[in-house]
$ cat final14.csv   # CSV, C-alpha atoms and all ligand atoms
chain,number,residue,atom,x,y,z
A,1,MET,CA,-5.7,-1.1,-13.6
A,2,LEU,CA,-4.3,-0.6,-17.1
A,3,VAL,CA,-6.2,-2.1,-20.1
A,4,LEU,CA,-5.1,-2.5,-23.6
A,5,LYS,CA,-7.5,-0.7,-26.0
A,6,ASN,CA,-6.5,-1.3,-29.6
A,7,GLU,CA,-2.8,-0.5,-29.5
A,8,THR,CA,-2.5,1.5,-26.3
A,9,LEU,CA,-2.4,0.8,-22.6
A,10,ILE,CA,-4.8,3.2,-20.8
A,11,ASN,CA,-6.4,3.5,-17.4
A,12,ARG,CA,-9.5,1.4,-17.0
A,13,ASN,CA,-11.6,4.4,-16.4
A,14,ASP,CA,-10.5,6.0,-19.7
A,15,ALA,CA,-11.3,2.9,-21.7
A,16,VAL,CA,-14.6,4.2,-23.1
A,17,ILE,CA,-16.6,2.0,-25.5
A,18,ASP,CA,-19.1,3.8,-27.8
A,19,ILE,CA,-22.7,2.9,-27.2
A,20,GLU,CA,-23.0,1.9,-30.8
A,21,ASP,CA,-20.1,-0.6,-30.6
A,22,ARG,CA,-21.4,-3.7,-32.3
A,23,GLY,CA,-20.0,-5.9,-29.6
A,24,TYR,CA,-22.2,-4.1,-27.1
A,25,GLN,CA,-25.4,-4.0,-29.3
A,26,PHE,CA,-25.2,-7.2,-31.3
A,27,GLY,CA,-22.7,-9.3,-29.4
A,28,ASP,CA,-20.9,-8.9,-32.7
A,29,GLY,CA,-17.4,-10.0,-31.6
A,30,VAL,CA,-15.2,-12.8,-30.4
A,31,TYR,CA,-13.0,-13.3,-27.4
A,32,GLU,CA,-10.3,-15.4,-25.6
A,33,VAL,CA,-9.4,-16.2,-22.0
A,34,ILE,CA,-5.7,-17.0,-21.6
A,35,ARG,CA,-3.9,-18.2,-18.5
A,36,TYR,CA,-0.7,-16.7,-17.1
A,37,TYR,CA,1.1,-18.9,-14.6
A,38,ASP,CA,4.1,-17.7,-12.6
A,39,GLY,CA,5.0,-14.9,-15.1
A,40,GLU,CA,4.5,-17.2,-18.2
A,41,TRP,CA,1.8,-17.5,-20.8
A,42,PHE,CA,0.1,-20.9,-21.0
A,43,LEU,CA,-0.6,-22.0,-24.6
A,44,LEU,CA,-0.7,-18.4,-25.9
A,45,ASP,CA,0.1,-19.3,-29.5
A,46,ASP,CA,-2.9,-21.7,-29.6
A,47,HIS,CA,-5.2,-19.1,-28.2
A,48,LEU,CA,-4.1,-16.4,-30.7
A,49,GLU,CA,-4.5,-18.9,-33.5
A,50,ARG,CA,-8.0,-19.7,-32.4
A,51,LEU,CA,-8.8,-15.9,-32.1
A,52,GLN,CA,-7.9,-15.5,-35.7
A,53,TYR,CA,-10.1,-18.6,-36.6
A,54,SER,CA,-13.1,-17.0,-34.7
A,55,LEU,CA,-12.5,-13.6,-36.4
A,56,ASP,CA,-12.3,-15.2,-39.9
A,57,GLU,CA,-15.4,-17.3,-39.4
A,58,ALA,CA,-17.3,-14.3,-38.1
A,59,GLU,CA,-16.0,-12.3,-41.0
A,60,ILE,CA,-14.5,-9.6,-38.8
A,61,ASP,CA,-11.9,-7.7,-40.7
A,62,TYR,CA,-9.0,-8.0,-38.2
A,63,ASN,CA,-5.6,-9.5,-38.6
A,64,VAL,CA,-4.0,-10.8,-35.4
A,65,GLN,CA,-0.4,-9.7,-35.7
A,66,GLU,CA,0.9,-12.3,-33.3
A,67,GLU,CA,4.2,-10.8,-32.4
A,68,LYS,CA,2.9,-7.3,-31.9
A,69,LEU,CA,0.0,-8.4,-29.9
A,70,LYS,CA,2.2,-10.6,-27.8
A,71,ALA,CA,4.5,-7.7,-27.0
A,72,ARG,CA,1.5,-5.6,-25.9
A,73,LEU,CA,0.0,-8.4,-23.8
A,74,HIS,CA,3.4,-8.8,-22.2
A,75,ASP,CA,3.5,-5.0,-21.3
A,76,LEU,CA,-0.1,-5.3,-20.0
A,77,MET,CA,0.9,-8.0,-17.5
A,78,GLU,CA,4.1,-6.4,-16.6
A,79,GLN,CA,2.7,-2.9,-16.0
A,80,ASN,CA,-0.2,-4.3,-14.0
A,81,GLN,CA,2.4,-6.4,-12.0
A,82,VAL,CA,0.5,-9.6,-12.6
A,83,GLN,CA,2.4,-12.7,-11.7
A,84,ASP,CA,-0.5,-15.3,-11.8
A,85,GLY,CA,-3.9,-14.9,-13.4
A,86,GLY,CA,-5.0,-14.5,-17.0
A,87,VAL,CA,-6.1,-12.1,-19.6
A,88,TYR,CA,-9.5,-11.5,-21.1
A,89,LEU,CA,-9.2,-10.3,-24.8
A,90,GLN,CA,-12.1,-9.4,-27.1
A,91,VAL,CA,-12.3,-8.0,-30.6
A,92,THR,CA,-15.6,-6.6,-31.8
A,93,ARG,CA,-16.6,-5.5,-35.3
A,94,GLY,CA,-16.3,-2.0,-33.9
A,95,PHE,CA,-18.4,1.2,-33.9
A,96,ALA,CA,-21.0,2.0,-36.5
A,97,PRO,CA,-24.5,3.6,-36.5
A,98,ARG,CA,-26.9,0.8,-35.5
A,99,ASN,CA,-27.8,-1.4,-38.5
A,100,HIS,CA,-27.7,-5.1,-38.9
A,101,PRO,CA,-25.5,-5.5,-42.0
A,102,TYR,CA,-21.8,-5.2,-41.5
A,103,PRO,CA,-20.5,-1.6,-41.9
A,104,GLU,CA,-18.7,-1.0,-45.2
A,105,HIS,CA,-15.5,-0.1,-43.4
A,106,GLN,CA,-15.0,-2.2,-40.3
A,107,GLN,CA,-12.9,-0.7,-37.5
A,108,PRO,CA,-12.7,-3.5,-35.0
A,109,THR,CA,-12.2,-2.7,-31.3
A,110,LEU,CA,-9.7,-4.7,-29.3
A,111,ILE,CA,-9.9,-4.7,-25.5
A,112,ALA,CA,-7.7,-6.8,-23.2
A,113,TYR,CA,-7.3,-6.7,-19.4
A,114,PRO,CA,-5.9,-8.9,-16.7
A,115,LEU,CA,-8.2,-11.4,-14.9
A,116,ASN,CA,-7.7,-12.5,-11.4
A,117,LEU,CA,-7.8,-16.2,-12.0
A,118,LYS,CA,-6.8,-18.6,-9.3
A,119,ARG,CA,-6.2,-22.3,-9.6
A,120,PRO,CA,-9.5,-24.1,-8.7
A,121,THR,CA,-7.8,-26.5,-6.2
A,122,HIS,CA,-10.8,-27.0,-4.0
A,123,ASP,CA,-13.0,-28.2,-6.9
A,124,GLN,CA,-10.1,-30.3,-8.3
A,125,THR,CA,-9.7,-32.1,-5.0
A,126,HIS,CA,-13.4,-32.6,-4.2
A,127,GLY,CA,-15.0,-32.6,-7.6
A,128,ILE,CA,-18.1,-30.7,-8.8
A,129,HIS,CA,-21.8,-31.4,-9.2
A,130,THR,CA,-23.4,-30.9,-12.6
A,131,ILE,CA,-26.8,-30.9,-14.2
A,132,THR,CA,-27.8,-31.7,-17.8
A,133,ALA,CA,-29.6,-29.2,-19.9
A,134,GLU,CA,-31.0,-29.0,-23.5
A,135,ASP,CA,-28.5,-27.3,-25.8
A,136,PHE,CA,-30.6,-24.6,-27.3
A,137,ARG,CA,-27.7,-22.5,-28.6
A,138,TRP,CA,-26.9,-21.7,-32.2
A,139,LEU,CA,-25.0,-24.1,-34.5
A,140,ARG,CA,-21.7,-22.3,-34.7
A,141,CYS,CA,-20.4,-23.1,-31.2
A,142,ASP,CA,-17.0,-23.5,-32.8
A,143,ILE,CA,-16.8,-19.6,-32.9
A,144,LYS,CA,-15.7,-18.2,-29.6
A,145,SER,CA,-18.4,-15.6,-29.9
A,146,LEU,CA,-19.5,-12.9,-27.4
A,147,ASN,CA,-23.1,-14.1,-27.7
A,148,LEU,CA,-23.2,-16.1,-24.5
A,149,LEU,CA,-26.8,-15.7,-23.5
A,150,GLY,CA,-27.6,-19.4,-23.9
A,151,ASN,CA,-24.5,-20.2,-21.9
A,152,VAL,CA,-25.1,-17.8,-19.0
A,153,MET,CA,-28.8,-18.7,-18.7
A,154,THR,CA,-27.9,-22.4,-18.5
A,155,LYS,CA,-25.0,-21.8,-16.1
A,156,GLN,CA,-27.4,-20.0,-13.8
A,157,LYS,CA,-29.8,-22.9,-14.0
A,158,ALA,CA,-27.0,-25.1,-12.7
A,159,ILE,CA,-26.1,-22.6,-9.9
A,160,ASP,CA,-29.8,-22.4,-8.9
A,161,THR,CA,-30.0,-26.1,-8.3
A,162,GLY,CA,-26.8,-26.2,-6.2
A,163,ALA,CA,-24.5,-27.5,-9.0
A,164,SER,CA,-21.6,-25.6,-10.6
A,165,GLU,CA,-21.8,-26.6,-14.3
A,166,ALA,CA,-24.4,-27.6,-16.8
A,167,ILE,CA,-23.7,-30.2,-19.4
A,168,PHE,CA,-25.5,-29.6,-22.7
A,169,TYR,CA,-27.2,-32.2,-24.9
A,170,ARG,CA,-28.9,-31.8,-28.3
A,171,ASP,CA,-30.8,-35.0,-27.8
A,172,GLU,CA,-30.5,-38.0,-25.6
A,173,SER,CA,-27.9,-39.6,-27.8
A,174,HIS,CA,-25.8,-36.4,-28.2
A,175,VAL,CA,-24.0,-34.7,-25.3
A,176,THR,CA,-22.1,-31.7,-26.6
A,177,GLU,CA,-20.1,-29.6,-24.0
A,178,GLY,CA,-20.5,-27.7,-20.7
A,179,SER,CA,-21.9,-24.1,-20.5
A,180,SER,CA,-18.3,-22.9,-20.2
A,181,THR,CA,-16.3,-26.1,-20.5
A,182,ASN,CA,-15.6,-29.2,-22.6
A,183,VAL,CA,-16.7,-32.6,-21.3
A,184,PHE,CA,-14.8,-35.8,-21.2
A,185,ILE,CA,-15.9,-39.2,-20.0
A,186,VAL,CA,-13.8,-42.3,-19.1
A,187,LYS,CA,-15.1,-45.8,-19.9
A,188,ASN,CA,-13.0,-48.9,-19.4
A,189,GLY,CA,-9.8,-46.9,-19.2
A,190,GLU,CA,-10.6,-45.0,-22.4
A,191,LEU,CA,-11.2,-41.2,-22.7
A,192,ILE,CA,-14.1,-40.1,-24.9
A,193,THR,CA,-14.9,-36.5,-26.0
A,194,HIS,CA,-17.0,-34.8,-28.6
A,195,PRO,CA,-15.5,-34.2,-32.0
A,196,ALA,CA,-14.3,-30.7,-32.8
A,197,ASP,CA,-17.1,-29.5,-35.0
A,198,HIS,CA,-19.8,-26.8,-35.0
A,199,TYR,CA,-21.5,-28.2,-31.9
A,200,ILE,CA,-18.7,-27.3,-29.5
A,201,LEU,CA,-15.9,-24.9,-28.9
A,202,ASN,CA,-12.6,-26.7,-29.7
A,203,GLY,CA,-11.2,-25.9,-26.3
A,204,ILE,CA,-7.5,-25.2,-26.1
A,205,THR,CA,-7.5,-27.2,-22.8
A,206,ARG,CA,-9.4,-30.0,-24.6
A,207,ARG,CA,-6.6,-30.1,-27.2
A,208,HIS,CA,-3.9,-29.9,-24.5
A,209,LEU,CA,-5.5,-32.9,-22.7
A,210,LEU,CA,-5.7,-35.0,-25.8
A,211,TYR,CA,-2.0,-34.2,-26.4
A,212,LEU,CA,-1.2,-35.2,-22.8
A,213,ALA,CA,-3.3,-38.4,-23.1
A,214,GLU,CA,-1.2,-39.4,-26.1
A,215,ARG,CA,2.1,-38.7,-24.2
A,216,LEU,CA,0.8,-40.6,-21.1
A,217,ASP,CA,-0.5,-43.6,-23.2
A,218,ILE,CA,-4.1,-43.0,-22.2
A,219,PRO,CA,-6.2,-44.3,-25.1
A,220,TYR,CA,-8.9,-41.9,-26.3
A,221,ARG,CA,-11.7,-41.7,-28.8
A,222,ILE,CA,-13.2,-38.6,-30.4
A,223,GLU,CA,-16.8,-39.6,-30.6
A,224,VAL,CA,-20.3,-38.4,-29.8
A,225,PHE,CA,-21.8,-40.0,-26.7
A,226,GLY,CA,-25.2,-39.8,-25.1
A,227,LEU,CA,-26.8,-39.1,-21.7
A,228,ASP,CA,-26.7,-42.8,-20.8
A,229,ALA,CA,-23.0,-43.0,-21.4
A,230,LEU,CA,-22.4,-39.8,-19.5
A,231,LYS,CA,-24.3,-41.0,-16.4
A,232,ASN,CA,-22.8,-44.5,-16.5
A,233,ALA,CA,-19.3,-43.4,-17.1
A,234,ASP,CA,-16.5,-44.5,-14.8
A,235,GLU,CA,-15.2,-41.0,-14.6
A,236,VAL,CA,-16.4,-37.6,-16.0
A,237,PHE,CA,-14.5,-34.3,-16.0
A,238,VAL,CA,-14.8,-30.9,-17.6
A,239,SER,CA,-12.0,-28.7,-18.9
A,240,SER,CA,-11.4,-25.1,-19.7
A,241,THR,CA,-8.7,-22.4,-19.4
A,242,SER,CA,-9.9,-21.3,-16.0
A,243,ALA,CA,-11.2,-24.7,-14.7
A,244,GLU,CA,-8.1,-26.6,-16.1
A,245,ILE,CA,-9.6,-30.0,-15.2
A,246,LYS,CA,-12.5,-30.4,-12.8
A,247,PRO,CA,-13.6,-33.9,-11.8
A,248,VAL,CA,-17.4,-34.3,-12.0
A,249,ILE,CA,-18.8,-36.3,-9.1
A,250,SER,CA,-22.5,-36.1,-10.0
A,251,VAL,CA,-24.7,-35.6,-13.1
A,252,ASP,CA,-28.3,-34.7,-12.2
A,253,ASP,CA,-29.0,-37.2,-9.4
A,254,GLN,CA,-26.5,-39.8,-10.6
A,255,ILE,CA,-23.3,-40.1,-8.5
A,256,ILE,CA,-20.2,-40.6,-10.7
A,257,SER,CA,-17.1,-42.5,-9.7
A,258,ASN,CA,-18.4,-43.1,-6.1
A,259,GLY,CA,-18.4,-39.4,-5.6
A,260,GLU,CA,-14.7,-39.0,-5.9
A,261,PRO,CA,-12.3,-37.8,-8.6
A,262,GLY,CA,-11.3,-40.8,-10.6
A,263,PRO,CA,-7.7,-42.1,-11.3
A,264,ILE,CA,-7.5,-41.1,-15.0
A,265,THR,CA,-8.8,-37.6,-14.2
A,266,ASN,CA,-6.2,-37.3,-11.4
A,267,THR,CA,-3.4,-38.6,-13.6
A,268,LEU,CA,-4.2,-35.9,-16.2
A,269,LEU,CA,-4.4,-33.2,-13.5
A,270,LYS,CA,-1.1,-34.3,-12.0
A,271,ASN,CA,0.6,-34.0,-15.4
A,272,TYR,CA,-1.2,-30.9,-16.4
A,273,PHE,CA,1.9,-28.8,-16.8
A,274,ASP,CA,4.1,-31.5,-18.3
A,275,HIS,CA,5.1,-32.1,-21.9
A,276,LEU,CA,4.8,-28.4,-22.8
A,277,SER,CA,7.9,-28.3,-24.9
A,278,VAL,CA,5.8,-27.7,-28.0
A,279,THR,CA,5.0,-24.1,-29.0
A,280,LYS,CA,1.8,-25.1,-30.7
A,281,LEU,CA,-0.5,-28.0,-30.0
A,282,PRO,CA,-0.9,-30.6,-32.8
A,301,LIG,N1,-14.7,-20.7,-21.6
A,301,LIG,N2,-16.7,-24.6,-24.2
A,301,LIG,C1,-17.3,-23.4,-23.9
A,301,LIG,C2,-18.7,-23.1,-24.2
A,301,LIG,C3,-16.5,-22.4,-23.3
A,301,LIG,O1,-17.0,-21.2,-23.0
A,301,LIG,C4,-15.1,-22.7,-23.0
A,301,LIG,C5,-14.2,-21.7,-22.3
A,301,LIG,C6,-14.6,-24.0,-23.3
A,301,LIG,C7,-13.2,-24.4,-23.1
A,301,LIG,O2,-12.3,-23.7,-23.9
A,301,LIG,P1,-10.8,-23.4,-23.5
A,301,LIG,O3,-10.2,-24.7,-23.0
A,301,LIG,O4,-10.1,-23.0,-24.7
A,301,LIG,O5,-10.8,-22.4,-22.4
A,301,LIG,C8,-15.5,-24.9,-24.0
A,301,LIG,C9,-13.9,-19.6,-21.2
A,301,LIG,C10,-12.8,-19.9,-20.3
A,301,LIG,C11,-14.8,-18.5,-20.6
A,301,LIG,O6,-15.8,-18.1,-21.3
A,301,LIG,O7,-14.5,-18.0,-19.5
$ encode --input "final14.csv" --output "structure tokens" --more "lines below"
Ligand code: PDD
Amino acid sequence: MLVLKNETLINRNDAVIDIEDRGYQFGDGVYEVIRYYDGEWFLLDDHLERLQYSLDEAEIDYNVQEEKLKARLHDLMEQNQVQDGGVYLQVTRGFAPRNHPYPEHQQPTLIAYPLNLKRPTHDQTHGIHTITAEDFRWLRCDIKSLNLLGNVMTKQKAIDTGASEAIFYRDESHVTEGSSTNVFIVKNGELITHPADHYILNGITRRHLLYLAERLDIPYRIEVFGLDALKNADEVFVSSTSAEIKPVISVDDQIISNGEPGPITNTLLKNYFDHLSVTKLP
């Protein structure tokens, strides 16, 4: 496999990262996962824009030159003969002798390589089981940071109990997001999802779905909801680049939507690839 390291495509085995790369030692970096369907990028501009947001918020001295990076990502997919899948892209603050403060001259490291992502059609047809878990992560979840220890520990907790996603809450009245997804509920025909603030990652898929909802005349509210609302919702679903939309059919021991994907969830899924004439989401 060829990988993109900074500006060059090289063999995976030659893509050496220094042991004092700050991404490796401090989780000092940010990342994106971007889909590639049938030879075309999906919402690429929005992902690159969010990458720059994360870099700026993390004060990593790196300027995403969109056109150049797009050309390199294009080569990456073409030379690896990828037709369907995605890309993992991360930028760290780079190598420096281990010390907490930022190095005086940052030399960020960019790595990108293809991911073998498949459409999750089984979960989309049957729905998934979820648990709830206390959100003990930091308070800058809007940065797509490499620091995912809280996320992976909580995802594992879900797996260990036979579920496939964990839904975080700060307290009973405040559900935030999933361990690797955003969360939506449907009540009386209306979609509800958490505001885009520092408690959640503003998912590109979340934004795409709100845009679709508008086009499909599905009313929505951007509002904090609690565990009661989650467990008594008519429908629940999670969204992410890799999950797209996955219907939730149970939360802890509570069955949702009679254990089947609900109608609004299915409508959004059916129209997932529609209305994509925009180059950037509103
Ligand atoms: N995860 N919230 C969290 C905590 C996430 O990790 C993700 C994505 C999302 C959804 O964001 P988007 O729709 O932009 O993918 C929300 C990625 C896919 C991952 O870590 O693999």
$ atom_distance --input "final14.csv" --atom1 "atom CA of A:Tyr211" --atom2 "atom CA of A:Leu48"
18.4 Å
$ residues_around --input "final14.csv" --residues "A:Leu210" --least-positions-apart "2" --cutoff "10 Å" --atoms "all atoms listed in the file" --output "compact mmCIF listing (two decimals) with C-alpha atoms, in the coordinates of the input"
# COMPACT_ATOMS: atom_id res chain seq x y z
CA LEU A 191 -11.20 -41.20 -22.70
CA ILE A 192 -14.10 -40.10 -24.90
CA THR A 193 -14.90 -36.50 -26.00
CA ILE A 204 -7.50 -25.20 -26.10
CA THR A 205 -7.50 -27.20 -22.80
CA ARG A 206 -9.40 -30.00 -24.60
CA ARG A 207 -6.60 -30.10 -27.20
CA HIS A 208 -3.90 -29.90 -24.50
CA LEU A 212 -1.20 -35.20 -22.80
CA ALA A 213 -3.30 -38.40 -23.10
CA GLU A 214 -1.20 -39.40 -26.10
CA ARG A 215 2.10 -38.70 -24.20
CA LEU A 216 0.80 -40.60 -21.10
CA ILE A 218 -4.10 -43.00 -22.20
CA PRO A 219 -6.20 -44.30 -25.10
CA TYR A 220 -8.90 -41.90 -26.30
CA ARG A 221 -11.70 -41.70 -28.80
CA ILE A 222 -13.20 -38.60 -30.40
CA LEU A 268 -4.20 -35.90 -16.20
CA LEU A 281 -0.50 -28.00 -30.00
CA PRO A 282 -0.90 -30.60 -32.80
$ atom_distance --input "final14.csv" --atom1 "atom CA of A:Tyr88" --atom2 "atom CA of A:Tyr31"
7.4 Å
$ residues_around --input "final14.csv" --residues "A:Thr176" --least-positions-apart "6" --cutoff "9 Å" --atoms "all atoms listed in the file" --output "list in words"
Asp135, Ile167, Phe168, Tyr169, Arg170, Asn182, Val183, Thr193, His194, Pro195, Tyr199, Ile200, Val224, Phe225 and Gly226 of chain A
$ residues_near_ligand --input "final14.csv" --ligand "ligand LIG 301 (chain A)" --cutoff "10 Å" --atoms "all atoms listed in the file" --output "PDB file with C-alpha atoms, keeping the file's coordinate frame"
ATOM      1  CA  TYR A  31     -13.000 -13.300 -27.400  1.00  0.00           C
ATOM      2  CA  GLU A  32     -10.300 -15.400 -25.600  1.00  0.00           C
ATOM      3  CA  VAL A  33      -9.400 -16.200 -22.000  1.00  0.00           C
ATOM      4  CA  ILE A  34      -5.700 -17.000 -21.600  1.00  0.00           C
ATOM      5  CA  ARG A  35      -3.900 -18.200 -18.500  1.00  0.00           C
ATOM      6  CA  LEU A  43      -0.600 -22.000 -24.600  1.00  0.00           C
ATOM      7  CA  ASP A  46      -2.900 -21.700 -29.600  1.00  0.00           C
ATOM      8  CA  HIS A  47      -5.200 -19.100 -28.200  1.00  0.00           C
ATOM      9  CA  ARG A  50      -8.000 -19.700 -32.400  1.00  0.00           C
ATOM     10  CA  TYR A  88      -9.500 -11.500 -21.100  1.00  0.00           C
ATOM     11  CA  CYS A 141     -20.400 -23.100 -31.200  1.00  0.00           C
ATOM     12  CA  ASP A 142     -17.000 -23.500 -32.800  1.00  0.00           C
ATOM     13  CA  ILE A 143     -16.800 -19.600 -32.900  1.00  0.00           C
ATOM     14  CA  LYS A 144     -15.700 -18.200 -29.600  1.00  0.00           C
ATOM     15  CA  SER A 145     -18.400 -15.600 -29.900  1.00  0.00           C
ATOM     16  CA  LEU A 146     -19.500 -12.900 -27.400  1.00  0.00           C
ATOM     17  CA  LEU A 148     -23.200 -16.100 -24.500  1.00  0.00           C
ATOM     18  CA  GLY A 150     -27.600 -19.400 -23.900  1.00  0.00           C
ATOM     19  CA  ASN A 151     -24.500 -20.200 -21.900  1.00  0.00           C
ATOM     20  CA  VAL A 152     -25.100 -17.800 -19.000  1.00  0.00           C
ATOM     21  CA  ILE A 167     -23.700 -30.200 -19.400  1.00  0.00           C
ATOM     22  CA  PHE A 168     -25.500 -29.600 -22.700  1.00  0.00           C
ATOM     23  CA  THR A 176     -22.100 -31.700 -26.600  1.00  0.00           C
ATOM     24  CA  GLU A 177     -20.100 -29.600 -24.000  1.00  0.00           C
ATOM     25  CA  GLY A 178     -20.500 -27.700 -20.700  1.00  0.00           C
ATOM     26  CA  SER A 179     -21.900 -24.100 -20.500  1.00  0.00           C
ATOM     27  CA  SER A 180     -18.300 -22.900 -20.200  1.00  0.00           C
ATOM     28  CA  THR A 181     -16.300 -26.100 -20.500  1.00  0.00           C
ATOM     29  CA  ASN A 182     -15.600 -29.200 -22.600  1.00  0.00           C
ATOM     30  CA  VAL A 183     -16.700 -32.600 -21.300  1.00  0.00           C
ATOM     31  CA  TYR A 199     -21.500 -28.200 -31.900  1.00  0.00           C
ATOM     32  CA  ILE A 200     -18.700 -27.300 -29.500  1.00  0.00           C
ATOM     33  CA  LEU A 201     -15.900 -24.900 -28.900  1.00  0.00           C
ATOM     34  CA  ASN A 202     -12.600 -26.700 -29.700  1.00  0.00           C
ATOM     35  CA  GLY A 203     -11.200 -25.900 -26.300  1.00  0.00           C
ATOM     36  CA  ILE A 204      -7.500 -25.200 -26.100  1.00  0.00           C
ATOM     37  CA  THR A 205      -7.500 -27.200 -22.800  1.00  0.00           C
ATOM     38  CA  ARG A 206      -9.400 -30.000 -24.600  1.00  0.00           C
ATOM     39  CA  ARG A 207      -6.600 -30.100 -27.200  1.00  0.00           C
ATOM     40  CA  HIS A 208      -3.900 -29.900 -24.500  1.00  0.00           C
ATOM     41  CA  LEU A 209      -5.500 -32.900 -22.700  1.00  0.00           C
ATOM     42  CA  VAL A 238     -14.800 -30.900 -17.600  1.00  0.00           C
ATOM     43  CA  SER A 239     -12.000 -28.700 -18.900  1.00  0.00           C
ATOM     44  CA  SER A 240     -11.400 -25.100 -19.700  1.00  0.00           C
ATOM     45  CA  THR A 241      -8.700 -22.400 -19.400  1.00  0.00           C
ATOM     46  CA  SER A 242      -9.900 -21.300 -16.000  1.00  0.00           C
ATOM     47  CA  ALA A 243     -11.200 -24.700 -14.700  1.00  0.00           C
ATOM     48  CA  GLU A 244      -8.100 -26.600 -16.100  1.00  0.00           C
ATOM     49  CA  ILE A 245      -9.600 -30.000 -15.200  1.00  0.00           C
TER      50      ILE A 245
END
$ residues_around --input "final14.csv" --residues "A:Pro101" --least-positions-apart "3" --cutoff "12 Å" --atoms "only C-alpha atoms" --output "PDB file with C-alpha atoms, keeping the file's coordinate frame"
ATOM      1  CA  ARG A  22     -21.400  -3.700 -32.300  1.00  0.00           C
ATOM      2  CA  PHE A  26     -25.200  -7.200 -31.300  1.00  0.00           C
ATOM      3  CA  ASP A  28     -20.900  -8.900 -32.700  1.00  0.00           C
ATOM      4  CA  GLU A  59     -16.000 -12.300 -41.000  1.00  0.00           C
ATOM      5  CA  ARG A  93     -16.600  -5.500 -35.300  1.00  0.00           C
ATOM      6  CA  ALA A  96     -21.000   2.000 -36.500  1.00  0.00           C
ATOM      7  CA  PRO A  97     -24.500   3.600 -36.500  1.00  0.00           C
ATOM      8  CA  ARG A  98     -26.900   0.800 -35.500  1.00  0.00           C
ATOM      9  CA  GLU A 104     -18.700  -1.000 -45.200  1.00  0.00           C
ATOM     10  CA  HIS A 105     -15.500  -0.100 -43.400  1.00  0.00           C
ATOM     11  CA  GLN A 106     -15.000  -2.200 -40.300  1.00  0.00           C
TER      12      GLN A 106
END
$ build_atoms --input "final14.csv" --residues "stretch 163-175 of chain A" --atoms "N, CA and C atoms" --output "PDB file, in the frame of the given file"
ATOM      1  N   ALA A 163     -25.653 -26.894  -8.272  1.00  0.00           N
ATOM      2  CA  ALA A 163     -24.500 -27.500  -9.000  1.00  0.00           C
ATOM      3  C   ALA A 163     -23.616 -26.349  -9.484  1.00  0.00           C
ATOM      4  N   SER A 164     -22.484 -26.699 -10.135  1.00  0.00           N
ATOM      5  CA  SER A 164     -21.600 -25.600 -10.600  1.00  0.00           C
ATOM      6  C   SER A 164     -21.420 -25.623 -12.112  1.00  0.00           C
ATOM      7  N   GLU A 165     -21.870 -26.660 -12.798  1.00  0.00           N
ATOM      8  CA  GLU A 165     -21.800 -26.600 -14.300  1.00  0.00           C
ATOM      9  C   GLU A 165     -22.975 -27.357 -14.851  1.00  0.00           C
ATOM     10  N   ALA A 166     -23.375 -26.913 -16.047  1.00  0.00           N
ATOM     11  CA  ALA A 166     -24.400 -27.600 -16.800  1.00  0.00           C
ATOM     12  C   ALA A 166     -23.826 -28.235 -18.013  1.00  0.00           C
ATOM     13  N   ILE A 167     -24.225 -29.462 -18.264  1.00  0.00           N
ATOM     14  CA  ILE A 167     -23.700 -30.200 -19.400  1.00  0.00           C
ATOM     15  C   ILE A 167     -24.842 -30.238 -20.474  1.00  0.00           C
ATOM     16  N   PHE A 168     -24.534 -29.692 -21.645  1.00  0.00           N
ATOM     17  CA  PHE A 168     -25.500 -29.600 -22.700  1.00  0.00           C
ATOM     18  C   PHE A 168     -25.714 -30.884 -23.479  1.00  0.00           C
ATOM     19  N   TYR A 169     -26.963 -31.155 -23.918  1.00  0.00           N
ATOM     20  CA  TYR A 169     -27.200 -32.200 -24.900  1.00  0.00           C
ATOM     21  C   TYR A 169     -28.174 -31.719 -25.958  1.00  0.00           C
ATOM     22  N   ARG A 170     -27.939 -32.138 -27.198  1.00  0.00           N
ATOM     23  CA  ARG A 170     -28.900 -31.800 -28.300  1.00  0.00           C
ATOM     24  C   ARG A 170     -30.058 -32.701 -28.288  1.00  0.00           C
ATOM     25  N   ASP A 171     -29.779 -34.004 -28.105  1.00  0.00           N
ATOM     26  CA  ASP A 171     -30.800 -35.000 -27.800  1.00  0.00           C
ATOM     27  C   ASP A 171     -30.205 -36.054 -26.961  1.00  0.00           C
ATOM     28  N   GLU A 172     -30.993 -37.053 -26.564  1.00  0.00           N
ATOM     29  CA  GLU A 172     -30.500 -38.000 -25.600  1.00  0.00           C
ATOM     30  C   GLU A 172     -29.218 -38.723 -25.989  1.00  0.00           C
ATOM     31  N   SER A 173     -29.026 -38.824 -27.301  1.00  0.00           N
ATOM     32  CA  SER A 173     -27.900 -39.600 -27.800  1.00  0.00           C
ATOM     33  C   SER A 173     -26.686 -38.622 -28.097  1.00  0.00           C
ATOM     34  N   HIS A 174     -26.839 -37.339 -27.749  1.00  0.00           N
ATOM     35  CA  HIS A 174     -25.800 -36.400 -28.200  1.00  0.00           C
ATOM     36  C   HIS A 174     -25.507 -35.323 -27.119  1.00  0.00           C
ATOM     37  N   VAL A 175     -24.514 -35.647 -26.286  1.00  0.00           N
ATOM     38  CA  VAL A 175     -24.000 -34.700 -25.300  1.00  0.00           C
ATOM     39  C   VAL A 175     -22.959 -33.836 -26.018  1.00  0.00           C
TER      40      VAL A 175
END
